[in-house]
Amino acid sequence: MVSFKELGLSNTKRMFEIALERKFAVPGYNINNLEQLQAIIIGCGESESPVIIQISQGARNYANQTMLRYLGQGGVEMAKELGFNFPIALHLDHGNSFELAKSCIDNGFSSVMFDGSHLSYEENIKITQQVVEYAHERDVSVEAELGVLAGIEEHVKSDVHHFTDPEQVEDFVTRTGCDSLAIAIGTSHGAYKFKVEKEEDIPELRFDILKEVRKRLDKFPIVLHGSSSVLSHYVQMINQFGGALEKAFGIPEEQLRKATQYGVSKINIDTDGRLVVTAIVRKILAENPREFDPRKYLGPAREELILMIKRKNKEVLGSAGQAKYIV
Ligand code: G3H
Ligand code: 13P
Ligand code: ZN
């Protein structure tokens with residue numbers, strides 16, 4: 001058993017307080033390996049942004065939970081060594097049971113998500129409450145979800161959206177005691193978010209629902225999952241070097257900027273990072289068929305990821321330069 005405080009991590013409380021006050025979104029970037037973690041530490045350190053490093057269940061299976069704890073701690077120490085001063089949360093993404101959330105808390109995570117969006121309303125409340133009780137005794141933050149995102153979540157495969165019902169949010173938040181709430185307003189996971197032929201046909205997010213939620217939950221952190229923009233530059237690079245990503249579209253960055261202005265406090269990005277890494281690795285290996293040293297393609301992929309993270313923080317989320325108000 002280890003507390004996140006011993007690892008130098010932060011919970012999300014103060015990050016969200018300041019995000020709400022200063023109208024920006026804290027980035028939730030997912031990791032599965034060392035290079036992604038390094039890119040986040042350098043990218044967020046250089047842009048002086050708070051960050052929530054997210055570990056999905058898939059990531060836990062891939063990288064081993066003990067290894068991930070040490071990666072989190074290593075990230076904090078690397079940041080210090082590089083002279084950065086920004087808060088880092090280590091967060092369970094889409095936890096699907098109390099036991100999983102507990103295991104992450106016991107292993108030093110500073111924040112956990114319980115995703116009960118696939119459950120009945122009452123069942124979602126019941127397990128979220130249980131997670132909140134265990135987490136809050138240890139000062140760990142809890143994200144909950146209400147409404148179902150279309151697309152593929154680890155344990156939820158849904159073809160349809162069930163937009164969040166604004167009439168339920170107040171009751172849900174009050175009864176569960178959660179610290180932030182993920183809502184469904186038209187975002188979805190992965191690289192194929194819309195069934196459209198061209199970018200111009202991408203529909204607007206349901207800002208009307210967001211506004212209604214905001215009315216009922218004044219000054220409460222709202223989270224958007226599935227918020228990669230599926231940047232066409234990287235999709236094209238992947239396709240140019242042997243990939244076959246067709247009709248891959250994401251949430252236009254302009255809409256994400258608008259969401260932060262309506263008070264969204266956390267924006268989750270995984271797919272965009274995956275696309276960056278794949279694009280660079282494909283390009284380098286295609287252009288250098290004799291190359292076999294992983295550092296020669298993962299290193300440049302990491303560099304490009306740093307650039308993407310810095311640009312997102314500065315131009316989309318508004319989180320760049322905000323760390324000094326939190327730490
Ligand atoms: O919400 C989903 C995240 O992008 C994690 O994806 O389950 O493939 O690790 P994963
Ligand atoms: P994307 O697939 O749009 O990057 O969403 C990631 C996410 O929501 C992680 O929880
Ligand atoms: Zn998600």
# chains A, B, ... in the order shown; residues from 1 in each chain; ligands from 1
call {"tool": "residues_near_ligand", "arguments": {"ligand": "ligand 2", "cutoff": "8 Å", "atoms": "only C-alpha atoms and all ligand atoms", "output": "ChimeraX atom specification"}}
result
/A:28-30,54,56,93-94,187-191,224-230,250-251,267-273
call {"tool": "select_by_dssp", "arguments": {"residues": "region 119-321 of chain A", "states": "strand (DSSP E or B)", "output": "number ranges by chain"}}
result
A: 141-146, 148, 150-152, 157-158, 162, 180-183, 188, 192, 222-224, 249, 264-269
call {"tool": "closest_residue", "arguments": {"among": "A:Val26, A:Ile284, A:Val213, A:Met308", "to": "Leu231 (chain A)", "atoms": "only C-alpha atoms"}}
result
A:Met308
call {"tool": "atom_distance", "arguments": {"atom1": "CA of Gln130 (chain A)", "atom2": "atom 1 (Zn, counted along the ligand's line) of ligand 3"}}
result
21.0 Å
call {"tool": "residues_around", "arguments": {"residues": "region 192-204 of chain A", "least_positions_apart": "6", "cutoff": "7 Å", "atoms": "only C-alpha atoms", "output": "ChimeraX atom specification"}}
result
/A:247-250
call {"tool": "residues_around", "arguments": {"residues": "Thr176 (chain A)", "least_positions_apart": "2", "cutoff": "7 Å", "atoms": "only C-alpha atoms", "output": "list in words"}}
result
Ile125, Thr128, Gln129, Phe172, Val173, Thr174 and Cys178 of chain A
call {"tool": "residues_around", "arguments": {"residues": "Ile238 (chain A)", "least_positions_apart": "5", "cutoff": "10 Å", "atoms": "only C-alpha atoms", "output": "VMD selection string"}}
result
chain A and resid 232 to 233 243 to 245 275 to 283
call {"tool": "closest_residue", "arguments": {"among": "A:Ala63, A:Ala135, A:Leu256, A:Ile309", "to": "ligand 1", "atoms": "only C-alpha atoms and all ligand atoms"}}
result
A:Ala63
call {"tool": "closest_residue", "arguments": {"among": "A:Val76, A:Leu90, A:Leu100, A:Leu149", "to": "ligand 1", "atoms": "only C-alpha atoms and all ligand atoms"}}
result
A:Leu149
call {"tool": "closest_residue", "arguments": {"among": "A:Met113, A:Asn61, A:Ala19, A:Thr66", "to": "ligand 3", "atoms": "only C-alpha atoms and all ligand atoms"}}
result
A:Met113
call {"tool": "select_by_dssp", "arguments": {"residues": "region 161-209 of chain A", "states": "helix (DSSP H, G or I)", "output": "ChimeraX atom specification"}}
result
/A:166-176,199-201,207-209
call {"tool": "residues_around", "arguments": {"residues": "Ile326 (chain A)", "least_positions_apart": "2", "cutoff": "8 Å", "atoms": "only C-alpha atoms", "output": "ChimeraX atom specification"}}
result
/A:14-15,18,50,86-87,322-324
call {"tool": "write_last_selection", "arguments": {"atoms": "N, CA, C and O atoms", "output": "short mmCIF file (atom, residue, chain, number, x, y, z; two decimals), in the first residue's frame"}}
result
data_model
loop_
_atom_site.label_atom_id
_atom_site.label_comp_id
_atom_site.auth_asym_id
_atom_site.auth_seq_id
_atom_site.Cartn_x
_atom_site.Cartn_y
_atom_site.Cartn_z
N ARG A 14 -7.42 20.88 -6.53
CA ARG A 14 -6.97 22.25 -6.75
C ARG A 14 -6.86 22.56 -8.27
O ARG A 14 -7.13 23.66 -8.70
N MET A 15 -6.48 21.53 -9.04
CA MET A 15 -6.40 21.73 -10.50
C MET A 15 -7.75 22.20 -11.03
O MET A 15 -7.84 23.14 -11.81
N ILE A 18 -8.93 25.81 -9.93
CA ILE A 18 -8.29 26.87 -10.72
C ILE A 18 -8.78 26.83 -12.18
O ILE A 18 -8.98 27.86 -12.81
N PRO A 50 -0.77 21.94 -15.76
CA PRO A 50 -1.07 20.78 -14.91
C PRO A 50 -1.41 19.61 -15.82
O PRO A 50 -1.78 19.83 -16.99
N PHE A 86 5.03 21.59 -11.87
CA PHE A 86 3.61 21.54 -12.26
C PHE A 86 2.99 20.30 -11.62
O PHE A 86 3.66 19.30 -11.41
N PRO A 87 1.69 20.38 -11.28
CA PRO A 87 1.06 19.24 -10.60
C PRO A 87 0.72 18.09 -11.55
O PRO A 87 0.25 18.32 -12.67
N GLN A 322 -0.69 27.73 -16.69
CA GLN A 322 -1.63 27.78 -15.55
C GLN A 322 -1.07 27.10 -14.29
O GLN A 322 -1.62 27.25 -13.21
N ALA A 323 0.02 26.33 -14.43
CA ALA A 323 0.52 25.56 -13.29
C ALA A 323 0.84 26.45 -12.09
O ALA A 323 0.60 26.07 -10.94
N LYS A 324 1.33 27.63 -12.36
CA LYS A 324 1.76 28.51 -11.24
C LYS A 324 0.59 28.94 -10.35
O LYS A 324 0.79 29.30 -9.19
#
call {"tool": "closest_residue", "arguments": {"among": "A:Leu317, A:Ile55, A:Cys44, A:Ala79", "to": "ligand 3", "atoms": "only C-alpha atoms and all ligand atoms"}}
result
A:Ile55
call {"tool": "atom_distance", "arguments": {"atom1": "CA of Leu119 (chain A)", "atom2": "CA of Tyr62 (chain A)"}}
result
26.0 Å
